[in-house]
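Undergrad: Below is the structure I would like to discuss, written out as structure tokens.
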Amino acid sequence: MKKLIFAFLFALLLAGCGSQAAESEATESAFAPDYATATFEVGEEITVDAYFDGSSGDATISYTFDPSIPGIYGAILSADGSLYNVNVEIVDTTAPTATAKSGVSFYQGTLPEPEELLEDIYDATGVTSCTYELAPDSDFYGQMSLTVLLSDDYNNVASINVNVEILEDTEAPVITTDFGTLRTAYVGDSISYRQGVEVTDNSGTVASLDIVVGDGSTNEVCEYTVTYIATDNMGNSSELTVSVKVSEYVADRPTDEEILAYARERLDELYDTYGYEESDYNTALCAYRYVLGVGENYPIIGYTGYSDKDDWMYTGYCVLTREITSGDCFTYYSVTRLLLVAGGLETIPVSKVPNYDGDSHHYWTLVKIDGEWYHLDTTPRAAGFNKNDFTFFLWTDAQMDEFSASYSNCFNRDSSLYPASATTPVTKPSL
């Protein structure tokens, strides 16, 4: 009897063991063995489900690598109280994305960087190359479609078509200077002919600027020419010739810095005298009132019709120090411009183009006020146009041209040499 009971108990024990083994086998077969590999796209959430044939239950996965970088990495999977080593493969098989811009146009002979034709450029691992599939012929103009190729480091390539308009370019570059068409220097000076010269083109690109220096140098007193020749990518060309006048240095002449410092002191005095708060507009108003003697009986200097035109800055200084008490339009222009520059304003000298042989010259100033250019002329007129009524105070191109047309083309000028003025006239000041 005891043997039967023992046999029965032994059988039950074996049955229990077999059941436990079967359950263990079932559990182990539900997920992948050690070092199994699951693949995920960059940006995709890493989950344990990829390692299970069925439900993952309460299993978890942990890792320390950066899932935004493709590669094969190790991770730890925890299931049913046991830890397993598994592999995680991060891949990038997705091409970059972008949107083609609309309304894109540019001039023939130029080609924007390809990324400038797109917006919302994106790739999970970063775009490493942006190129044109085929660039247009430089002579072509009209409507066309350009294909931009975007690629990443994992050989994924996107092809994006962009509709563009290529504009015909027949317009020459524009050359302007901050010294007008007359440059002054002293014997022994070193001149950078490129400095103070700006070249712009409707296409946004200037292929070349050639500088041709005529016979002469700063080694001696003389006057010579410098010609600037600007050419764009389509071969459109323009040129500007300026004169360089070389004079003997005035031994006791103050430095430019000293002149500007003195002019600044005088400007501060004018602000106190007139009771203005400092601004671009009021700096111009101080200069205008002082030089023309607005509200006074006479301008600051008398008009003789003659002046030494070698050095506008020194001329202006000598007016302020009363070493010069008479002159012509160049003298009025010089002291006006000096006060404007001392006040921190940008200026460009303007010179009249004579209408015929023997016609008079004339000088005045373009000044930038709050980001826009205006004409300012302080030379007194015999008819009293610009005395107390502020004629020629911060005038626009249109105002200057209208007056010029009525008075012997007195403001005739080569407009291509200068920036366009503001289009809205300023409010005329009052005393």
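To be explicit about the labels: the chains of the structure tokens are called A, B, and onward in the order shown, and within each one the residues are counted from 1, while ligands get numbers from 1 in the order they are shown.
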Which residues are close to Asn161 of chain A, i.e. within 9 Å by only C-alpha atoms, leaving aside same-chain residues fewer than 6 positions away? Reply as a PDB file with all heavy atoms, in the first residue's frame.
TA:
ATOM      1  N   ALA A 100       8.577  73.683 -52.489  1.00  0.00           N
ATOM      2  CA  ALA A 100       9.058  74.637 -53.490  1.00  0.00           C
ATOM      3  C   ALA A 100       8.430  76.000 -53.230  1.00  0.00           C
ATOM      4  O   ALA A 100       7.227  76.118 -52.982  1.00  0.00           O
ATOM      5  CB  ALA A 100       8.707  74.159 -54.890  1.00  0.00           C
ATOM      6  N   SER A 145      11.235  75.245 -65.280  1.00  0.00           N
ATOM      7  CA  SER A 145      11.204  74.475 -64.042  1.00  0.00           C
ATOM      8  C   SER A 145      12.609  73.973 -63.739  1.00  0.00           C
ATOM      9  O   SER A 145      13.263  73.390 -64.610  1.00  0.00           O
ATOM     10  CB  SER A 145      10.232  73.289 -64.171  1.00  0.00           C
ATOM     11  OG  SER A 145      10.233  72.520 -62.976  1.00  0.00           O
ATOM     12  N   LEU A 146      13.067  74.230 -62.530  1.00  0.00           N
ATOM     13  CA  LEU A 146      14.368  73.744 -62.086  1.00  0.00           C
ATOM     14  C   LEU A 146      14.167  72.630 -61.062  1.00  0.00           C
ATOM     15  O   LEU A 146      13.249  72.697 -60.235  1.00  0.00           O
ATOM     16  CB  LEU A 146      15.181  74.873 -61.456  1.00  0.00           C
ATOM     17  CG  LEU A 146      15.647  75.992 -62.385  1.00  0.00           C
ATOM     18  CD1 LEU A 146      16.349  77.095 -61.580  1.00  0.00           C
ATOM     19  CD2 LEU A 146      16.584  75.453 -63.450  1.00  0.00           C
ATOM     20  N   THR A 147      15.025  71.632 -61.124  1.00  0.00           N
ATOM     21  CA  THR A 147      14.941  70.520 -60.186  1.00  0.00           C
ATOM     22  C   THR A 147      16.057  70.637 -59.156  1.00  0.00           C
ATOM     23  O   THR A 147      17.235  70.740 -59.515  1.00  0.00           O
ATOM     24  CB  THR A 147      15.053  69.175 -60.911  1.00  0.00           C
ATOM     25  OG1 THR A 147      13.992  69.067 -61.861  1.00  0.00           O
ATOM     26  CG2 THR A 147      14.957  68.020 -59.927  1.00  0.00           C
ATOM     27  N   VAL A 148      15.662  70.631 -57.883  1.00  0.00           N
ATOM     28  CA  VAL A 148      16.617  70.701 -56.784  1.00  0.00           C
ATOM     29  C   VAL A 148      16.685  69.333 -56.119  1.00  0.00           C
ATOM     30  O   VAL A 148      15.650  68.719 -55.819  1.00  0.00           O
ATOM     31  CB  VAL A 148      16.208  71.770 -55.753  1.00  0.00           C
ATOM     32  CG1 VAL A 148      17.197  71.804 -54.594  1.00  0.00           C
ATOM     33  CG2 VAL A 148      16.126  73.136 -56.418  1.00  0.00           C
ATOM     34  N   LEU A 149      17.898  68.836 -55.917  1.00  0.00           N
ATOM     35  CA  LEU A 149      18.112  67.536 -55.279  1.00  0.00           C
ATOM     36  C   LEU A 149      18.576  67.740 -53.845  1.00  0.00           C
ATOM     37  O   LEU A 149      19.552  68.444 -53.582  1.00  0.00           O
ATOM     38  CB  LEU A 149      19.159  66.734 -56.052  1.00  0.00           C
ATOM     39  CG  LEU A 149      18.865  66.466 -57.538  1.00  0.00           C
ATOM     40  CD1 LEU A 149      20.010  65.695 -58.170  1.00  0.00           C
ATOM     41  CD2 LEU A 149      17.552  65.710 -57.693  1.00  0.00           C
TER      42      LEU A 149
END
Undergrad: Run DSSP on the backbone and tell me which residues of segment 240-396 of chain A come out as strand (DSSP E or B); list them as number ranges by chain.
TA: A: 240-247, 302-303, 326-327, 347-351, 363-369, 372-376, 393-395
Undergrad: Using DSSP secondary structure from the backbone, list all helix (DSSP H, G or I) positions within segment 88-274 of chain A, as JSON, numbers by chain.
TA: {"A": [114, 115, 116, 117, 256, 257, 258, 259, 260, 261, 262, 263, 264, 265, 266, 267, 268, 269, 270, 271, 272, 273, 274]}
Undergrad: So which residues touch Glu257 of chain A within 10 Å, counting only C-alpha atoms, skipping near sequence neighbours fewer than 5 positions away, as a compact mmCIF listing (two decimals) with all heavy atoms, in the first residue's frame?
TA:
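Result went into around.txt, see below:
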# COMPACT_ATOMS: atom_id res chain seq x y z
N TYR A 262 36.13 120.11 -33.75
CA TYR A 262 35.79 121.54 -33.63
C TYR A 262 34.39 121.79 -34.19
O TYR A 262 33.59 122.53 -33.58
CB TYR A 262 36.81 122.38 -34.38
CG TYR A 262 36.53 123.86 -34.31
CD1 TYR A 262 36.86 124.59 -33.16
CD2 TYR A 262 35.92 124.52 -35.37
CE1 TYR A 262 36.58 125.95 -33.08
CE2 TYR A 262 35.64 125.88 -35.30
CZ TYR A 262 35.96 126.59 -34.15
OH TYR A 262 35.68 127.92 -34.08
N ALA A 263 34.07 121.19 -35.33
CA ALA A 263 32.75 121.38 -35.93
C ALA A 263 31.66 120.85 -35.02
O ALA A 263 30.56 121.42 -34.93
CB ALA A 263 32.69 120.70 -37.29
N ALA A 342 29.80 116.28 -38.92
CA ALA A 342 30.11 116.36 -37.49
C ALA A 342 28.94 115.87 -36.65
O ALA A 342 29.13 115.37 -35.54
CB ALA A 342 30.47 117.79 -37.12
Undergrad: Could you tell me which of A:Asn219, A:Asn233, A:Pro173, A:Asp370 comes closest to Ile191 of chain A if we count only C-alpha atoms?
TA: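 Comparing A:Asn219, A:Asn233, A:Pro173, A:Asp370 against Ile191 of chain A, the winner is A:Asn219.
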Undergrad: Compare A:Ile229, A:Leu285, A:Ser62, A:Gly180 by their minimum atom-to-atom distance to Thr365 of chain A, counting only C-alpha atoms, and give me the closest one.
TA: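 Of all the options, A:Gly180 lies closest to Thr365 of chain A.
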Undergrad: Check the smallest atom-to-atom distance from each of A:Asp215, A:Asp66, A:Asp169, A:Asp256 to Asn236 of chain A using only C-alpha atoms, then report the winner.
TA: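 Among the listed residues, A:Asp169 lies closest to Asn236 of chain A.
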Undergrad: How far is it from atom CA of Val246 of chain A to atom CA of Leu366 of chain A, in Å with one decimal?
TA: 24.4 Å
Undergrad: What does the distance between atom CA of Ser360 of chain A and atom CA of Cys410 of chain A come to in Å, to one decimal place?
TA: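 Atom-to-atom, atom CA of Ser360 of chain A to atom CA of Cys410 of chain A, that is 8.9 Å.
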Undergrad: Point out the residue among A:Ile300, A:Ile160, A:Leu83, A:Val42 with the least atom-to-atom distance to Thr97 of chain A, counting only C-alpha atoms.
TA: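 Nearest to Thr97 of chain A: A:Ile160.
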Undergrad: Just how far from atom CA of Val294 of chain A is atom CA of Thr391 of chain A, in Å to one decimal?
TA: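 Value for the atom CA of Thr391 of chain A-atom CA of Val294 of chain A distance: 11.0 Å.
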Undergrad: Counting only C-alpha atoms, what is within 8 Å of segment 195-211 of chain A, bar same-chain residues fewer than 4 positions away, as a ChimeraX atom specification?
TA: /A:106-108,110,169,171-179,226-233
Undergrad: Would you list the contacts of segment 154-156 of chain A as a list in words, taking every protein, DNA or RNA residue within 8 Å and counting only C-alpha atoms, but skipping same-chain residues closer than 6 positions in sequence?
TA: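 After dropping sequence-adjacent residues, the list is Asp92, Thr93, Thr94, Ala95 and Pro96 of chain A.
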Undergrad: Would you write out those residues with N, CA, C and O atoms, as a short mmCIF file (atom, residue, chain, number, x, y, z; two decimals), in the first residue's frame?
TA:
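Just written: result-v7.cif:
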data_model
loop_
_atom_site.label_atom_id
_atom_site.label_comp_id
_atom_site.auth_asym_id
_atom_site.auth_seq_id
_atom_site.Cartn_x
_atom_site.Cartn_y
_atom_site.Cartn_z
N ASP A 92 17.98 55.02 -41.41
CA ASP A 92 17.37 56.17 -42.08
C ASP A 92 17.15 55.80 -43.53
O ASP A 92 18.09 55.74 -44.33
N THR A 93 15.91 55.53 -43.86
CA THR A 93 15.55 55.18 -45.24
C THR A 93 14.58 56.20 -45.84
O THR A 93 14.02 55.97 -46.90
N THR A 94 14.42 57.32 -45.14
CA THR A 94 13.45 58.34 -45.57
C THR A 94 14.19 59.52 -46.20
O THR A 94 15.12 60.07 -45.60
N ALA A 95 13.77 59.92 -47.38
CA ALA A 95 14.40 61.05 -48.07
C ALA A 95 14.02 62.37 -47.41
O ALA A 95 12.98 62.47 -46.75
N PRO A 96 14.86 63.40 -47.58
CA PRO A 96 14.50 64.73 -47.05
C PRO A 96 13.21 65.24 -47.68
O PRO A 96 12.79 64.78 -48.75
#
Undergrad: Restricting the calculation to only C-alpha atoms: of A:Tyr63, A:Tyr356, A:Tyr363, A:Tyr271, which residue gets closest to Ser307 of chain A?
TA: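 Among the listed residues, A:Tyr363 lies closest to Ser307 of chain A.
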Undergrad: For Cys286 of chain A, work out the shell of residues within 10 Å, counting only C-alpha atoms and skipping chain neighbours fewer than 2 positions away, then give it as a VMD selection string.
TA: chain A and resid 267 to 271 273 to 276 278 281 to 284 288 to 291 294 336 339 to 340
Undergrad: Write to file, as a PDB file, in the first residue's frame, the residues of the selection just made, with C-alpha atoms.
TA:
ATOM      1  CA  LEU A 267      27.120 122.264 -33.734  1.00  0.00           C
ATOM      2  CA  ASP A 268      26.471 121.789 -30.013  1.00  0.00           C
ATOM      3  CA  GLU A 269      26.493 125.562 -29.629  1.00  0.00           C
ATOM      4  CA  LEU A 270      23.927 125.867 -32.425  1.00  0.00           C
ATOM      5  CA  TYR A 271      21.687 123.322 -30.708  1.00  0.00           C
ATOM      6  CA  THR A 273      21.218 128.646 -29.473  1.00  0.00           C
ATOM      7  CA  TYR A 274      18.193 127.313 -31.381  1.00  0.00           C
ATOM      8  CA  GLY A 275      16.854 125.203 -28.506  1.00  0.00           C
ATOM      9  CA  TYR A 276      16.482 122.013 -30.543  1.00  0.00           C
ATOM     10  CA  GLU A 278      19.269 116.502 -31.257  1.00  0.00           C
ATOM     11  CA  TYR A 281      16.383 116.485 -38.971  1.00  0.00           C
ATOM     12  CA  ASN A 282      17.456 119.094 -36.434  1.00  0.00           C
ATOM     13  CA  THR A 283      21.145 118.678 -37.295  1.00  0.00           C
ATOM     14  CA  ALA A 284      20.274 119.577 -40.888  1.00  0.00           C
ATOM     15  CA  TYR A 288      20.827 125.372 -42.772  1.00  0.00           C
ATOM     16  CA  ARG A 289      19.859 128.168 -40.369  1.00  0.00           C
ATOM     17  CA  TYR A 290      23.454 128.931 -39.419  1.00  0.00           C
ATOM     18  CA  VAL A 291      24.948 129.020 -42.916  1.00  0.00           C
ATOM     19  CA  VAL A 294      17.812 132.327 -41.407  1.00  0.00           C
ATOM     20  CA  THR A 336      27.179 122.897 -44.480  1.00  0.00           C
ATOM     21  CA  LEU A 339      28.366 120.443 -39.812  1.00  0.00           C
ATOM     22  CA  LEU A 340      26.257 117.559 -41.134  1.00  0.00           C
TER      23      LEU A 340
END
Undergrad: Which neighbours of Ser190 of chain A fall inside 9 Å, counting only C-alpha atoms, when residues of the same chain fewer than 4 positions from it are skipped, and could you give them as a ChimeraX atom specification?
TA: /A:185-186,218
Undergrad: Go ahead and save the picked residues with all heavy atoms, as an mmCIF file, in the first residue's frame.
TA:
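Everything below was put into selection.cif:
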data_model
loop_
_atom_site.group_PDB
_atom_site.id
_atom_site.type_symbol
_atom_site.label_atom_id
_atom_site.label_comp_id
_atom_site.auth_asym_id
_atom_site.auth_seq_id
_atom_site.Cartn_x
_atom_site.Cartn_y
_atom_site.Cartn_z
ATOM 1 N N ALA A 185 43.270 115.420 -52.726
ATOM 2 C CA ALA A 185 44.357 114.774 -51.990
ATOM 3 C C ALA A 185 45.503 115.761 -51.867
ATOM 4 O O ALA A 185 45.525 116.812 -52.535
ATOM 5 C CB ALA A 185 44.813 113.510 -52.712
ATOM 6 N N TYR A 186 46.444 115.413 -50.998
ATOM 7 C CA TYR A 186 47.646 116.231 -50.831
ATOM 8 C C TYR A 186 48.858 115.475 -51.370
ATOM 9 O O TYR A 186 48.850 114.231 -51.437
ATOM 10 C CB TYR A 186 47.858 116.572 -49.364
ATOM 11 C CG TYR A 186 46.815 117.509 -48.814
ATOM 12 C CD1 TYR A 186 45.833 117.043 -47.943
ATOM 13 C CD2 TYR A 186 46.813 118.851 -49.172
ATOM 14 C CE1 TYR A 186 44.873 117.907 -47.441
ATOM 15 C CE2 TYR A 186 45.851 119.722 -48.671
ATOM 16 C CZ TYR A 186 44.884 119.234 -47.809
ATOM 17 O OH TYR A 186 43.925 120.088 -47.324
ATOM 18 N N THR A 218 49.896 111.216 -56.768
ATOM 19 C CA THR A 218 49.955 112.119 -55.616
ATOM 20 C C THR A 218 51.392 112.502 -55.271
ATOM 21 O O THR A 218 51.649 113.031 -54.192
ATOM 22 C CB THR A 218 49.277 111.473 -54.394
ATOM 23 O OG1 THR A 218 49.920 110.219 -54.114
ATOM 24 C CG2 THR A 218 47.798 111.234 -54.659
#
Undergrad: Can you work out which one of A:Tyr193, A:Tyr298, A:Tyr317, A:Tyr224 has the shortest atom-to-atom distance to Ile259 of chain A, counting only C-alpha atoms?
TA: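 Ranking A:Tyr193, A:Tyr298, A:Tyr317, A:Tyr224 by distance to Ile259 of chain A, first place goes to A:Tyr317.
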